[in-house]
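Q: I'd like to ask you about the structure that follows.
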Amino acid sequence: MKECSFVVQEGEVFGLLGSNGAGKSTILMAFAGLIKNFRGDVTIMGNDCRFSSGINRDVAYVPQSPCLFFDFTVRENLHFFCSMEGLGGDERESKIKELLSKFYLEGFADMAAGRLSGGYRQLLNIALSSVLDKKIVLMDEPTAGLDLWSKKKVGEHIRELKSRGKTVVLTTHDLADAESLCDNVVILSDGRVLANGNIRSLLRDFGGGYTISVSLSNKIPKVLPLAYSKVISISAQRLVLETNQADIGPAITELVSKLGSAGIEDLEVREPSLGYVFSNLLSKVKA
Amino acid sequence: MKLLHVFWNYIRFVRTQGVTSWLTLLSPIILIVIVGIGLNLETSNKLHVAVYGDDAVLDILSGEESLEVLQASSPEDLQTLVRSKQAVMGIVVTTASDGKHIDIYIDSTKQAVASSMLLMVDKAVNEEKSRSGASLTAIQAKLAPTYAQLKEKRGGIASFSAELNALRQNISATRTELQTGRNELAAYRTELLAYRQNLSSLDEYNAQLGSYNSRLDQLYSEIGYRSYQRDNALNKLSSNMYKVSTYITKVDTSLDYLYYAKSYVPTSSPAYSYLVNLEGELVTLRSDLVTANNDMAGLSNDLAAIDFLSMQTEVHSVQDEIATTQQDLSEFRDTADSRIASMLEDINATDAKLQFAISKLDEFDSKVYSLQSEVAELDSLMGSALGPLGDFLGKKPEDLLPPTVVSKGVFPSQKWIDMFFPSLIGIDMLLASLLLPMIMKVRMREQGVELRMMRSRVSSISVVLGEMAANYAICMLQLFLIIFLGLVFFGVQVTNPFGLILVFLTLPMVFTSLGVLLSQIVNRSSTAFLLSLLVGIPMIFISGTIIPMEFLNPIIAMLGTIMPLYIVIDFGEKMLFRNLPVFDALLDSVYILFFIGLNTMASIVIYALKR
């Protein structure tokens, strides 16, 4: 990480965005006190994160991969980690019941955690990090690899945390999730901050591009170069292009004329998104 | 080309696998280096052998460069040396009437070493036998004249014994004579004492002589006085004689007058008669006077004739003789007294000398008697020795008795399973207790549980000690099953149940603590396996479990003795079958406790630093 500086405000949902290897998880682990050997300062409420004893008291950490005993049942996992957090007796049983209910795990309480689906496993992962109601919640890729329902439930949990005034810092490379969940984001690339701020302002400042997705019934013919759009991705029968607001009409016309012979099955135009912002910023950096 | 590509790709892949690859490649190299150094026989460890007895075989063994010979103070001490691993083998050599006995006590846990050493013992026995056979003829040649002399001397022993008997009789006779002399001296002394007692009568006699002398003095004076009186009497007599003469004269005159008167008176006249009467009277008177005068003259002569002076001289002479006699008596007494005293002293001295002579004679007699007994015994011994010596001289080298070599164990049980049971459970605990914590920790790390626990409120001490206790309990269960199998199905005999309990409680903890420590730094299962092999296999090789320590290089062997596997096996052996006091395992116990404590502390510190 270098030239990386940003501030997370209390009570907001803050997103660390970036492609793989951008340094999102590293930053989060530094917040969690799991990485200590670095130069610079990482503080939470004025406390140096290197000294994790103080951080642990206020910060919950949801690892990217579910951290749980795969061969223990859901209840056993909750029971053990409640005990590790100092809960005992009725308080522990009450908390287990609450977490099972809150994270939709009641039906799987006696199932081995390893047999849970990815979504429920992640819910259990989050549940295990939620044993104590801490002020700050760090979530590393909380929705990665989840189905829509699970994503939705995780999203609901994050919103619920926000509603209770908790500060949530999450990492994701799912820009849609970031858009829907985060108040502020920082966009990272190769350990550098590319952009930092409110979603709306980022879209406004960097989200000039529109996305055109074309699905063909036949193999894509040789169409490049295109005058009014540039190719973002290309596969055998699908083409994603990007263009600006002013060129959207000519770009569609150009596509239809060039790809019409290949049989256009579907053509979708999307407004500027965080993805665009991200790719825009990335291309600028690379340029 | 594709094959080459696959080849190089594979090489790169191996290189990029980090610790796993390095451990995979280095483990065998390290193992071979350690074992190779360990088995460098040119500098191999000396084999310790305990010996008891004094025999040429042991001298030959002492000369072996590969052996370190420990001298035991007793056969029991020797067995203790073997049981306590200070010696691999103990050799007791005794010689009895039926030949030489070589008892070999072997630490049965070191059969390989023992076999090697048995060859050395066999070689030493054969060498000794060879030397004995070679020297037999020379010895016989040396002994032959001695044997002849002995036989001759034995003949002289009888006459010597008779002489001793005669000497004793002489001694007895001399003693009797001396005793008689003593008795006589005693009688003589008694007589002398009586004589000395009688000498006191000489004093009385001398006193009597003194009184006689006094009386002689008186007599001398008396004689003088009598002489004076005689002289007076003589003077008186002379005077009287004169007077008588005068009277005679006067009578004569008277007579003349008478005659004259008579002449004038008639005869017839009465006057005449008167006158005649008177004349007769006067004549008588005159005769009487003459007689008297004569008598007085005679008396005077007689008196004068008395020689008072000679008498006095005689008295003086007698007195002189008395004085001389007194002097003589006194001198005699003094001389006799001193002579008697001197003689008594001489008698006493002589008696003491006689007594001393008698005691010396008794002593001499006693010595002669013991000499006589010894001579008799010597005669008997020579009698008993001459026969076997004669037999020995007739022996041929090939007739020599071979030593009886008996191999014995020093442990109560000689079953292999009993002796190797501590090693088996030690190795089992090494592999299981070392690997289990690492594997489980890696699994927990892979499942992310460690991360979650590190972020929880639980203390590092609780985590480490909790995991250590869990591993300990599991390994104890495993060890319990192994011991149960050993005792019930394999018939392992345990002589010390208390020791078994100590082993059961101790062994799992040793390697569990090491396993927990290593688990703090291991991130992959493959690394865990390789690390356990890297740590465990060399430890097994240099701890004497497979290769006896005695076959190892001294430095490697010393390194092996500080390995925990060696310590726990040593502890187990001492506790289970070496039949040693618990105190002997004190050093092992201290090491084990220190090792466990050190590993535990290090584990806690590493875990805390990782948080």
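Letters A, B, ... go to the chains of the structure tokens in the order shown; residues in each chain start at 1; ligands are counted from 1 in the same order.
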Please identify all residues of chain A having at least one atom at most 6 Å from any atom of chain B, considering only C-alpha atoms, and return them as a PyMOL selection string.

A: chain A and resi 67-68+84-85

Q: Would you save the residues from that selection as a compact mmCIF listing (two decimals), in the first residue's frame, using N, CA and C atoms?

A:
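Output below, filename result11.txt:
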```txt
# COMPACT_ATOMS: atom_id res chain seq x y z
N CYS A 67 -15.02 -18.37 8.82
CA CYS A 67 -14.09 -18.89 9.82
C CYS A 67 -14.91 -19.59 10.88
N LEU A 68 -14.98 -20.88 10.77
CA LEU A 68 -15.82 -21.64 11.68
C LEU A 68 -15.38 -23.11 11.65
N MET A 84 -16.03 -18.06 23.96
CA MET A 84 -14.75 -17.37 23.78
C MET A 84 -14.90 -15.87 24.01
N GLU A 85 -16.08 -15.36 23.74
CA GLU A 85 -16.31 -13.93 23.95
C GLU A 85 -16.76 -13.63 25.37
```

Q: Quick one: DSSP strand (DSSP E) residues in range 185-284 of chain A, as number ranges by chain?

A: A: 185-189, 192-198, 209-216, 230-234, 238-244, 264-270

Q: Write out the residues from the selection above, keeping C-alpha atoms, as a CSV table (one decimal), in the first residue's frame.

A:
```
chain,number,residue,atom,x,y,z
A,185,VAL,CA,-16.3,4.4,-1.0
A,186,VAL,CA,-12.6,4.5,-1.7
A,187,ILE,CA,-11.5,3.0,-5.0
A,188,LEU,CA,-8.2,1.3,-4.9
A,189,SER,CA,-5.8,0.0,-7.4
A,192,ARG,CA,-3.2,3.4,-4.3
A,193,VAL,CA,-6.4,5.4,-3.7
A,194,LEU,CA,-7.9,6.3,-7.1
A,195,ALA,CA,-10.9,8.0,-5.8
A,196,ASN,CA,-12.6,8.6,-2.5
A,197,GLY,CA,-16.0,10.0,-1.7
A,198,ASN,CA,-19.7,9.8,-2.0
A,209,GLY,CA,-19.9,6.4,-19.7
A,210,TYR,CA,-22.9,4.3,-20.8
A,211,THR,CA,-22.7,0.6,-21.3
A,212,ILE,CA,-24.1,-1.2,-24.3
A,213,SER,CA,-24.5,-5.0,-24.1
A,214,VAL,CA,-25.3,-6.9,-27.3
A,215,SER,CA,-26.2,-10.6,-27.5
A,216,LEU,CA,-26.0,-12.2,-31.0
A,230,LYS,CA,-15.1,1.1,-27.3
A,231,VAL,CA,-15.2,-2.6,-26.5
A,232,ILE,CA,-15.1,-3.5,-22.8
A,233,SER,CA,-15.4,-7.2,-23.2
A,234,ILE,CA,-16.0,-9.5,-26.0
A,238,ARG,CA,-21.7,-11.3,-26.6
A,239,LEU,CA,-20.2,-7.8,-26.8
A,240,VAL,CA,-20.1,-5.1,-24.1
A,241,LEU,CA,-19.3,-1.7,-25.2
A,242,GLU,CA,-19.0,1.7,-23.6
A,243,THR,CA,-19.7,5.1,-24.9
A,244,ASN,CA,-20.5,8.6,-23.6
A,264,ILE,CA,-29.0,-9.3,-32.7
A,265,GLU,CA,-31.0,-11.0,-30.1
A,266,ASP,CA,-30.8,-8.5,-27.3
A,267,LEU,CA,-29.4,-5.0,-26.9
A,268,GLU,CA,-29.3,-3.3,-23.5
A,269,VAL,CA,-28.1,0.2,-22.7
A,270,ARG,CA,-27.1,1.0,-19.1
```

Q: Find the residues near Leu259 in chain A: any atom within 10 Å, counting only C-alpha atoms, skip ones fewer than 3 places away on the same chain, and give them as a PyMOL selection string.

A: chain A and resi 214-216+218-223+253-256+262-264

Q: Just to be explicit: take each residue in the selection above, keep N, CA and C atoms, and write the result as a PDB file, in the first residue's frame.

A:
```pdb
ATOM      1  N   VAL A 214     -24.633  -6.298 -26.118  1.00  0.00           N
ATOM      2  CA  VAL A 214     -25.283  -6.871 -27.300  1.00  0.00           C
ATOM      3  C   VAL A 214     -25.117  -8.380 -27.267  1.00  0.00           C
ATOM      4  N   SER A 215     -26.229  -9.118 -27.414  1.00  0.00           N
ATOM      5  CA  SER A 215     -26.189 -10.574 -27.524  1.00  0.00           C
ATOM      6  C   SER A 215     -26.563 -10.952 -28.936  1.00  0.00           C
ATOM      7  N   LEU A 216     -25.801 -11.840 -29.559  1.00  0.00           N
ATOM      8  CA  LEU A 216     -25.997 -12.202 -30.961  1.00  0.00           C
ATOM      9  C   LEU A 216     -26.385 -13.671 -31.066  1.00  0.00           C
ATOM     10  N   ASN A 218     -25.485 -15.390 -33.756  1.00  0.00           N
ATOM     11  CA  ASN A 218     -24.358 -16.009 -34.452  1.00  0.00           C
ATOM     12  C   ASN A 218     -23.038 -15.461 -33.911  1.00  0.00           C
ATOM     13  N   LYS A 219     -21.988 -15.985 -34.482  1.00  0.00           N
ATOM     14  CA  LYS A 219     -20.663 -15.549 -34.071  1.00  0.00           C
ATOM     15  C   LYS A 219     -20.455 -14.074 -34.450  1.00  0.00           C
ATOM     16  N   ILE A 220     -19.761 -13.394 -33.553  1.00  0.00           N
ATOM     17  CA  ILE A 220     -19.553 -11.965 -33.792  1.00  0.00           C
ATOM     18  C   ILE A 220     -18.650 -11.777 -35.012  1.00  0.00           C
ATOM     19  N   PRO A 221     -19.103 -10.985 -35.984  1.00  0.00           N
ATOM     20  CA  PRO A 221     -18.238 -10.727 -37.140  1.00  0.00           C
ATOM     21  C   PRO A 221     -17.162  -9.699 -36.793  1.00  0.00           C
ATOM     22  N   LYS A 222     -16.258  -9.514 -37.653  1.00  0.00           N
ATOM     23  CA  LYS A 222     -15.195  -8.545 -37.416  1.00  0.00           C
ATOM     24  C   LYS A 222     -15.763  -7.137 -37.590  1.00  0.00           C
ATOM     25  N   VAL A 223     -15.874  -6.432 -36.494  1.00  0.00           N
ATOM     26  CA  VAL A 223     -16.522  -5.113 -36.533  1.00  0.00           C
ATOM     27  C   VAL A 223     -15.563  -4.010 -36.138  1.00  0.00           C
ATOM     28  N   THR A 253     -26.527   2.886 -33.609  1.00  0.00           N
ATOM     29  CA  THR A 253     -26.729   2.786 -35.049  1.00  0.00           C
ATOM     30  C   THR A 253     -25.590   2.021 -35.693  1.00  0.00           C
ATOM     31  N   GLU A 254     -24.389   2.389 -35.269  1.00  0.00           N
ATOM     32  CA  GLU A 254     -23.180   1.758 -35.822  1.00  0.00           C
ATOM     33  C   GLU A 254     -23.186   0.254 -35.527  1.00  0.00           C
ATOM     34  N   LEU A 255     -23.566  -0.096 -34.315  1.00  0.00           N
ATOM     35  CA  LEU A 255     -23.603  -1.500 -33.921  1.00  0.00           C
ATOM     36  C   LEU A 255     -24.619  -2.288 -34.748  1.00  0.00           C
ATOM     37  N   VAL A 256     -25.796  -1.721 -34.841  1.00  0.00           N
ATOM     38  CA  VAL A 256     -26.878  -2.416 -35.576  1.00  0.00           C
ATOM     39  C   VAL A 256     -26.454  -2.644 -37.020  1.00  0.00           C
ATOM     40  N   ALA A 262     -25.267 -10.659 -37.925  1.00  0.00           N
ATOM     41  CA  ALA A 262     -25.034 -11.732 -36.960  1.00  0.00           C
ATOM     42  C   ALA A 262     -26.276 -12.038 -36.142  1.00  0.00           C
ATOM     43  N   GLY A 263     -27.318 -11.298 -36.367  1.00  0.00           N
ATOM     44  CA  GLY A 263     -28.575 -11.585 -35.682  1.00  0.00           C
ATOM     45  C   GLY A 263     -28.579 -11.093 -34.257  1.00  0.00           C
ATOM     46  N   ILE A 264     -28.979  -9.822 -34.075  1.00  0.00           N
ATOM     47  CA  ILE A 264     -28.990  -9.252 -32.733  1.00  0.00           C
ATOM     48  C   ILE A 264     -30.192  -9.804 -31.987  1.00  0.00           C
TER      49      ILE A 264
END
```

Q: When DSSP is applied to the backbone of this structure, which of range 19-250 of chain A are assigned helix (DSSP H, G or I)? Write them out as a ChimeraX atom specification.

A: /A:24-31,52-58,74-84,89-102,106-108,113-115,118-128,148-163,175-181,199-206,245-250

Q: Go ahead and save the residues from that selection, with C-alpha atoms, as a tab-separated table (two decimals), in the first residue's frame.

A:
```
chain	number	residue	atom	x	y	z
A	24	LYS	CA	-8.79	-4.01	0.07
A	25	SER	CA	-8.43	-7.00	2.37
A	26	THR	CA	-5.02	-5.82	3.48
A	27	ILE	CA	-6.44	-2.52	4.63
A	28	LEU	CA	-9.29	-4.26	6.37
A	29	MET	CA	-6.93	-6.63	8.12
A	30	ALA	CA	-4.85	-3.65	9.21
A	31	PHE	CA	-8.01	-2.15	10.66
A	52	SER	CA	-5.36	-5.07	18.81
A	53	SER	CA	-6.49	-5.51	22.36
A	54	GLY	CA	-8.07	-2.10	22.32
A	55	ILE	CA	-9.43	-2.57	18.82
A	56	ASN	CA	-10.99	-5.95	19.47
A	57	ARG	CA	-13.18	-4.43	22.13
A	58	ASP	CA	-14.91	-2.17	19.61
A	74	VAL	CA	-24.10	-24.38	13.73
A	75	ARG	CA	-25.14	-24.37	17.35
A	76	GLU	CA	-21.85	-25.79	18.51
A	77	ASN	CA	-19.99	-23.10	16.60
A	78	LEU	CA	-22.12	-20.39	18.12
A	79	HIS	CA	-21.81	-21.96	21.54
A	80	PHE	CA	-18.02	-22.11	21.37
A	81	PHE	CA	-17.45	-18.60	20.11
A	82	CYS	CA	-20.00	-17.16	22.52
A	83	SER	CA	-17.95	-18.81	25.23
A	84	MET	CA	-14.75	-17.37	23.78
A	89	GLY	CA	-25.19	-19.62	30.87
A	90	ASP	CA	-28.52	-18.11	29.93
A	91	GLU	CA	-26.89	-15.12	28.32
A	92	ARG	CA	-25.11	-17.42	25.90
A	93	GLU	CA	-28.19	-19.49	25.16
A	94	SER	CA	-30.19	-16.34	24.57
A	95	LYS	CA	-27.55	-14.98	22.24
A	96	ILE	CA	-27.38	-18.26	20.29
A	97	LYS	CA	-31.12	-18.22	19.88
A	98	GLU	CA	-31.05	-14.60	18.77
A	99	LEU	CA	-28.30	-15.19	16.21
A	100	LEU	CA	-29.94	-18.32	14.84
A	101	SER	CA	-33.10	-16.36	14.32
A	102	LYS	CA	-31.48	-13.22	13.01
A	106	GLU	CA	-32.74	-21.94	13.03
A	107	GLY	CA	-33.45	-24.71	10.60
A	108	PHE	CA	-29.81	-25.62	10.38
A	113	ALA	CA	-21.45	-26.01	9.40
A	114	GLY	CA	-19.47	-27.56	6.60
A	115	ARG	CA	-22.68	-28.90	5.06
A	118	GLY	CA	-22.30	-20.93	0.78
A	119	GLY	CA	-24.90	-18.38	1.64
A	120	TYR	CA	-25.85	-19.83	4.99
A	121	ARG	CA	-22.22	-20.45	5.75
A	122	GLN	CA	-21.55	-16.77	5.21
A	123	LEU	CA	-24.52	-15.89	7.34
A	124	LEU	CA	-23.11	-18.10	10.08
A	125	ASN	CA	-19.75	-16.44	9.54
A	126	ILE	CA	-21.34	-13.06	10.07
A	127	ALA	CA	-23.34	-14.40	13.00
A	128	LEU	CA	-20.18	-15.61	14.67
A	148	LEU	CA	-29.23	-13.33	-4.57
A	149	TRP	CA	-31.17	-14.33	-1.49
A	150	SER	CA	-28.06	-14.54	0.59
A	151	LYS	CA	-26.81	-11.27	-0.80
A	152	LYS	CA	-30.10	-9.74	0.09
A	153	LYS	CA	-29.96	-11.03	3.64
A	154	VAL	CA	-26.43	-9.85	4.07
A	155	GLY	CA	-27.42	-6.50	2.69
A	156	GLU	CA	-30.32	-6.36	5.10
A	157	HIS	CA	-27.97	-7.06	7.95
A	158	ILE	CA	-25.64	-4.30	6.89
A	159	ARG	CA	-28.47	-1.85	6.61
A	160	GLU	CA	-29.73	-2.94	9.99
A	161	LEU	CA	-26.31	-2.28	11.44
A	162	LYS	CA	-26.31	1.15	9.89
A	163	SER	CA	-29.73	1.81	11.22
A	175	LEU	CA	-19.78	-2.51	-7.58
A	176	ALA	CA	-23.51	-2.99	-7.60
A	177	ASP	CA	-23.44	-4.05	-4.03
A	178	ALA	CA	-21.27	-1.11	-3.20
A	179	GLU	CA	-23.68	1.21	-4.88
A	180	SER	CA	-26.61	-0.22	-3.03
A	181	LEU	CA	-24.98	-0.49	0.40
A	199	ILE	CA	-21.16	7.39	-4.63
A	200	ARG	CA	-23.18	10.08	-6.27
A	201	SER	CA	-20.30	12.45	-6.54
A	202	LEU	CA	-18.10	9.73	-7.99
A	203	LEU	CA	-20.73	8.88	-10.58
A	204	ARG	CA	-21.04	12.48	-11.41
A	205	ASP	CA	-17.37	13.13	-11.62
A	206	PHE	CA	-16.17	9.94	-13.19
A	245	GLN	CA	-23.90	10.20	-23.26
A	246	ALA	CA	-23.48	12.26	-26.45
A	247	ASP	CA	-22.51	9.33	-28.67
A	248	ILE	CA	-25.09	6.82	-27.45
A	249	GLY	CA	-27.34	7.19	-30.56
A	250	PRO	CA	-24.61	6.94	-33.22
```

Q: Between CA of Ala557 in chain B and CA of Gly544 in chain B, what is the spacing in Å?

A: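 For CA of Gly544 in chain B relative to CA of Ala557 in chain B, the distance reads 8.2 Å.
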
Q: I want to know what sits within 8 Å of range 512-516 of chain B, based on only C-alpha atoms, with residues of the same chain fewer than 4 positions away left out; could you give that as an NGL selection string?

A: :B and (433-438 or 464 or 467-468 or 471-472 or 475 or 508 or 520 or 596 or 599-600 or 603)

Q: Please provide as a PyMOL selection string all residues within 8 Å of range 303-310 of chain B, with the sequence filter that same-chain residues fewer than 2 positions apart are discarded (counting only C-alpha atoms).

A: chain B and resi 223-224+226-227+230-231+234+299-301+312-314

Q: Write out as a compact mmCIF listing (two decimals) with C-alpha atoms, in the first residue's frame which residues come within 10 Å of Arg39 in chain A when counting only C-alpha atoms, dropping same-chain ones fewer than 2 positions away.

A:
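The result, written out as selection-v4.txt:
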```
# COMPACT_ATOMS: atom_id res chain seq x y z
CA MET A 1 0.00 0.00 0.00
CA LYS A 2 1.22 3.48 -0.74
CA LYS A 36 0.96 -5.06 12.25
CA ASN A 37 4.08 -4.75 10.20
CA ASP A 41 -0.91 5.01 10.75
CA VAL A 42 -4.14 3.14 10.89
```
